[in-house]
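Asks: Structure incoming, see below.
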Amino acid sequence: MALWMVRAGRRGEYAEKFIKDHCFYITWSDLNCDLAGFHSRDEIKEKLREIYPDVKTNTIRIWASQIWMGSHEISAGDWVILPLKSQPSIWIGEVVQGYQFDPAAASPYFHRISVKWIGENIPRSNFAQDLLFSFGSALTICRISRNNAEERLRNMEKNRWTAGSDGYVTVDLPSDETEETFQDVEELARDQIIRLIGSRFKGHELARLVNGILAAQGYHTFMSPPGPDGGVDILAGTGPLGFGEPRLCVQVKSQDTPVELKEIKALKGAMQDSQATQGLFVSWGGYKSSVKEQSSFFSVRLWGKNELLAALFQTYEKLDPELRADLPLKQIWTLTDEE
């Protein structure tokens, strides 16, 4: 078995189609030709130069290598890792049929590899940091071979993809990077921040973090003490005393399991009891699909890990010093190669 990592577009824009179609696509626009007919990477390079005459030579070389792997090296029985951009989770599929070409498909879906999803929406925090480092390549298609990754993922599959089930207690990050992996530094940093929040803000502590973010956004807040809260962790309103609108009723769940629709309905009931105009539900473990399908944008907002991180980054400098001490972050600016 070979282990591969694929990405569903620069912003994850193809992920929903990948998952729904039970496949992944080699998503280079305008590449409407049967890749099985090419006999070397050099032949693919020539075709890419013809289609993309303004692209740099080195970029063409990197693209050709990835396209070759997708069309000639990935085969039935291999495993494919699909990291999502929309949420901090990973899908894992087993290839059931290798490269197929469909000239009638819409661009960029000419080239597909069919998979059976064997791991769905696995939290990134379930994987050891060195595996996430390997998954952090910014390439669209690459093979994962370091750190005994194949065997460790098989161990995780046997244990339902639970955290720490890869057979390793601690693993050092690789110190000698010799392959061309082009690490996505931002994604790796987010993984580390998520791990830290998950370890330091368990249970009621996550409500304390959300309360601090809302206060930094200008809300006057009241947070329920630890213990049974009647469906309300935080009440928040604008103005000096919190009597202004919007008036928020907030529920925070720190468990790793996704929230079900009944819990959103319970929040709506609590909103009526507290005379709140809007609700905010924060779920560290995400949401069942039925929740997103039936949620109301103008009455209840849903925060998962991504939304919580976005709010944290926007307000971090205004957070209470005690919170910042518990979650020490530093912003770093770096250049990025858009190609």
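Chain identifiers are assigned as A, B, and so on, following the order in which chains appear in the structure tokens; residues are numbered from 1 within each chain, and ligands are numbered from 1 in order of appearance.
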Residues at most 8 Å from segment 296-311 of chain A, counting only C-alpha atoms, excluding those fewer than 2 positions away in the same chain, as an MDAnalysis selection string?
Replies: chainID A and resid 86:88 194 210 213 268 277:287 294 313:315
Asks: Give me a file of those residues, with N, CA, C and O atoms, as a PDB file, in the first residue's frame.
Replies:
ATOM      1  N   SER A  86     -12.115  23.783   5.235  1.00  0.00           N
ATOM      2  CA  SER A  86     -13.305  24.367   5.857  1.00  0.00           C
ATOM      3  C   SER A  86     -13.382  24.066   7.341  1.00  0.00           C
ATOM      4  O   SER A  86     -14.061  24.776   8.077  1.00  0.00           O
ATOM      5  N   GLN A  87     -12.712  23.016   7.794  1.00  0.00           N
ATOM      6  CA  GLN A  87     -12.682  22.669   9.201  1.00  0.00           C
ATOM      7  C   GLN A  87     -11.422  21.859   9.472  1.00  0.00           C
ATOM      8  O   GLN A  87     -10.872  21.247   8.549  1.00  0.00           O
ATOM      9  N   PRO A  88     -10.945  21.839  10.710  1.00  0.00           N
ATOM     10  CA  PRO A  88      -9.690  21.134  11.007  1.00  0.00           C
ATOM     11  C   PRO A  88      -9.904  19.629  11.122  1.00  0.00           C
ATOM     12  O   PRO A  88      -9.831  19.049  12.197  1.00  0.00           O
ATOM     13  N   ILE A 194      -4.508  24.596  18.018  1.00  0.00           N
ATOM     14  CA  ILE A 194      -5.678  23.768  18.340  1.00  0.00           C
ATOM     15  C   ILE A 194      -5.334  22.767  19.436  1.00  0.00           C
ATOM     16  O   ILE A 194      -6.119  22.534  20.363  1.00  0.00           O
ATOM     17  N   VAL A 210     -14.213  31.721  25.296  1.00  0.00           N
ATOM     18  CA  VAL A 210     -15.242  32.356  24.463  1.00  0.00           C
ATOM     19  C   VAL A 210     -15.730  33.637  25.127  1.00  0.00           C
ATOM     20  O   VAL A 210     -15.921  34.668  24.457  1.00  0.00           O
ATOM     21  N   ILE A 213     -13.256  36.346  24.446  1.00  0.00           N
ATOM     22  CA  ILE A 213     -13.331  36.829  23.066  1.00  0.00           C
ATOM     23  C   ILE A 213     -14.501  37.791  22.902  1.00  0.00           C
ATOM     24  O   ILE A 213     -14.365  38.859  22.284  1.00  0.00           O
ATOM     25  N   LYS A 268     -32.222  27.430  21.403  1.00  0.00           N
ATOM     26  CA  LYS A 268     -33.296  28.332  20.986  1.00  0.00           C
ATOM     27  C   LYS A 268     -34.323  28.501  22.101  1.00  0.00           C
ATOM     28  O   LYS A 268     -34.879  29.591  22.298  1.00  0.00           O
ATOM     29  N   THR A 277     -31.916  38.010  21.651  1.00  0.00           N
ATOM     30  CA  THR A 277     -32.332  38.203  20.256  1.00  0.00           C
ATOM     31  C   THR A 277     -31.606  37.259  19.307  1.00  0.00           C
ATOM     32  O   THR A 277     -32.109  36.928  18.241  1.00  0.00           O
ATOM     33  N   GLN A 278     -30.399  36.843  19.663  1.00  0.00           N
ATOM     34  CA  GLN A 278     -29.631  35.902  18.860  1.00  0.00           C
ATOM     35  C   GLN A 278     -28.934  34.892  19.762  1.00  0.00           C
ATOM     36  O   GLN A 278     -28.764  35.125  20.963  1.00  0.00           O
ATOM     37  N   GLY A 279     -28.527  33.783  19.134  1.00  0.00           N
ATOM     38  CA  GLY A 279     -27.799  32.762  19.869  1.00  0.00           C
ATOM     39  C   GLY A 279     -26.467  32.462  19.209  1.00  0.00           C
ATOM     40  O   GLY A 279     -26.295  32.646  18.000  1.00  0.00           O
ATOM     41  N   LEU A 280     -25.523  32.010  20.005  1.00  0.00           N
ATOM     42  CA  LEU A 280     -24.224  31.575  19.505  1.00  0.00           C
ATOM     43  C   LEU A 280     -23.932  30.212  20.111  1.00  0.00           C
ATOM     44  O   LEU A 280     -23.943  30.052  21.335  1.00  0.00           O
ATOM     45  N   PHE A 281     -23.704  29.225  19.243  1.00  0.00           N
ATOM     46  CA  PHE A 281     -23.347  27.890  19.722  1.00  0.00           C
ATOM     47  C   PHE A 281     -21.899  27.635  19.313  1.00  0.00           C
ATOM     48  O   PHE A 281     -21.544  27.749  18.139  1.00  0.00           O
ATOM     49  N   VAL A 282     -21.066  27.291  20.289  1.00  0.00           N
ATOM     50  CA  VAL A 282     -19.657  27.012  20.050  1.00  0.00           C
ATOM     51  C   VAL A 282     -19.415  25.541  20.346  1.00  0.00           C
ATOM     52  O   VAL A 282     -19.600  25.096  21.482  1.00  0.00           O
ATOM     53  N   SER A 283     -19.027  24.790  19.329  1.00  0.00           N
ATOM     54  CA  SER A 283     -18.789  23.349  19.481  1.00  0.00           C
ATOM     55  C   SER A 283     -17.378  23.018  19.031  1.00  0.00           C
ATOM     56  O   SER A 283     -17.063  23.121  17.842  1.00  0.00           O
ATOM     57  N   TRP A 284     -16.537  22.595  19.962  1.00  0.00           N
ATOM     58  CA  TRP A 284     -15.165  22.217  19.638  1.00  0.00           C
ATOM     59  C   TRP A 284     -15.134  20.984  18.736  1.00  0.00           C
ATOM     60  O   TRP A 284     -14.234  20.822  17.922  1.00  0.00           O
ATOM     61  N   GLY A 285     -16.143  20.132  18.849  1.00  0.00           N
ATOM     62  CA  GLY A 285     -16.193  18.912  18.048  1.00  0.00           C
ATOM     63  C   GLY A 285     -16.961  19.047  16.755  1.00  0.00           C
ATOM     64  O   GLY A 285     -17.160  18.056  16.041  1.00  0.00           O
ATOM     65  N   GLY A 286     -17.414  20.249  16.409  1.00  0.00           N
ATOM     66  CA  GLY A 286     -18.139  20.456  15.162  1.00  0.00           C
ATOM     67  C   GLY A 286     -19.608  20.098  15.278  1.00  0.00           C
ATOM     68  O   GLY A 286     -20.161  19.986  16.389  1.00  0.00           O
ATOM     69  N   TYR A 287     -20.258  19.872  14.136  1.00  0.00           N
ATOM     70  CA  TYR A 287     -21.703  19.692  14.102  1.00  0.00           C
ATOM     71  C   TYR A 287     -22.088  18.558  13.157  1.00  0.00           C
ATOM     72  O   TYR A 287     -21.419  18.313  12.153  1.00  0.00           O
ATOM     73  N   GLN A 294     -30.301  22.769   8.850  1.00  0.00           N
ATOM     74  CA  GLN A 294     -31.508  23.347   9.407  1.00  0.00           C
ATOM     75  C   GLN A 294     -31.264  24.556  10.297  1.00  0.00           C
ATOM     76  O   GLN A 294     -32.185  25.070  10.901  1.00  0.00           O
ATOM     77  N   PHE A 313      -8.002  35.186  16.730  1.00  0.00           N
ATOM     78  CA  PHE A 313      -6.926  35.943  16.092  1.00  0.00           C
ATOM     79  C   PHE A 313      -7.295  37.420  15.936  1.00  0.00           C
ATOM     80  O   PHE A 313      -6.438  38.295  16.057  1.00  0.00           O
ATOM     81  N   GLN A 314      -8.566  37.706  15.683  1.00  0.00           N
ATOM     82  CA  GLN A 314      -9.013  39.091  15.508  1.00  0.00           C
ATOM     83  C   GLN A 314      -8.979  39.881  16.803  1.00  0.00           C
ATOM     84  O   GLN A 314      -8.813  41.102  16.786  1.00  0.00           O
ATOM     85  N   THR A 315      -9.143  39.210  17.919  1.00  0.00           N
ATOM     86  CA  THR A 315      -9.285  39.909  19.202  1.00  0.00           C
ATOM     87  C   THR A 315      -8.127  39.662  20.157  1.00  0.00           C
ATOM     88  O   THR A 315      -8.141  40.186  21.273  1.00  0.00           O
TER      89      THR A 315
END
Asks: Which neighbours of Arg11 of chain A fall inside 12 Å, counting only C-alpha atoms, when residues of the same chain fewer than 2 positions from it are skipped, and could you give them as a PyMOL selection string?
Replies: chain A and resi 7-9+13-16+83-87+138+140+187
Asks: Give the strand (DSSP E) residues of segment 200-229 of chain A, as DSSP finds them on the backbone, and put them as a count of residues only.
Replies: 4
Asks: Restricting the calculation to only C-alpha atoms, which member of A:Asp320, A:Asp78, A:Asp326, A:Asp130 is positioned closest to Leu188 of chain A?
Replies: A:Asp130
Asks: From segment 140-246 of chain A, collect each residue whose DSSP state is alpha helix (DSSP H) and return the set as JSON, numbers by chain.
Replies: {"A": [149, 150, 151, 152, 153, 154, 155, 156, 157, 158, 185, 186, 187, 188, 189, 190, 191, 192, 193, 194, 195, 196, 197, 198, 199, 200, 204, 205, 206, 207, 208, 209, 210, 211, 212, 213, 214, 215, 216]}
Asks: Pick out the residues sitting within 9 Å of Pro246 of chain A, and hand them over as a VMD selection string; count only C-alpha atoms, and ignore anything fewer than 3 positions along from it in its own chain.
Replies: chain A and resid 236 to 238 243 276 to 278
Asks: Go ahead and compute the interatomic distance for atom CA of Lys116 of chain A and atom CA of Gln97 of chain A, in Å to one decimal.
Replies: 9.6 Å
Asks: Which one of A:Glu120, A:Asp166, A:Asp34, A:Asp42 sits closest to Pro103 of chain A if you count only C-alpha atoms?
Replies: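 Nearest candidate to Pro103 of chain A out of A:Glu120, A:Asp166, A:Asp34, A:Asp42: A:Asp34.
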Asks: So, counting only C-alpha atoms, which residue among A:Arg41, A:Arg208, A:Arg190, A:Arg152 is closest to Lys253 of chain A?
Replies: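 Going through A:Arg41, A:Arg208, A:Arg190, A:Arg152 one by one, the smallest distance to Lys253 of chain A is for A:Arg208.
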Asks: Closest to Trp28 of chain A among A:Ser107, A:Gln275, A:Ser40, A:Ser89, using only C-alpha atoms?
Replies: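 Smallest separation from Trp28 of chain A among the options: A:Ser107.
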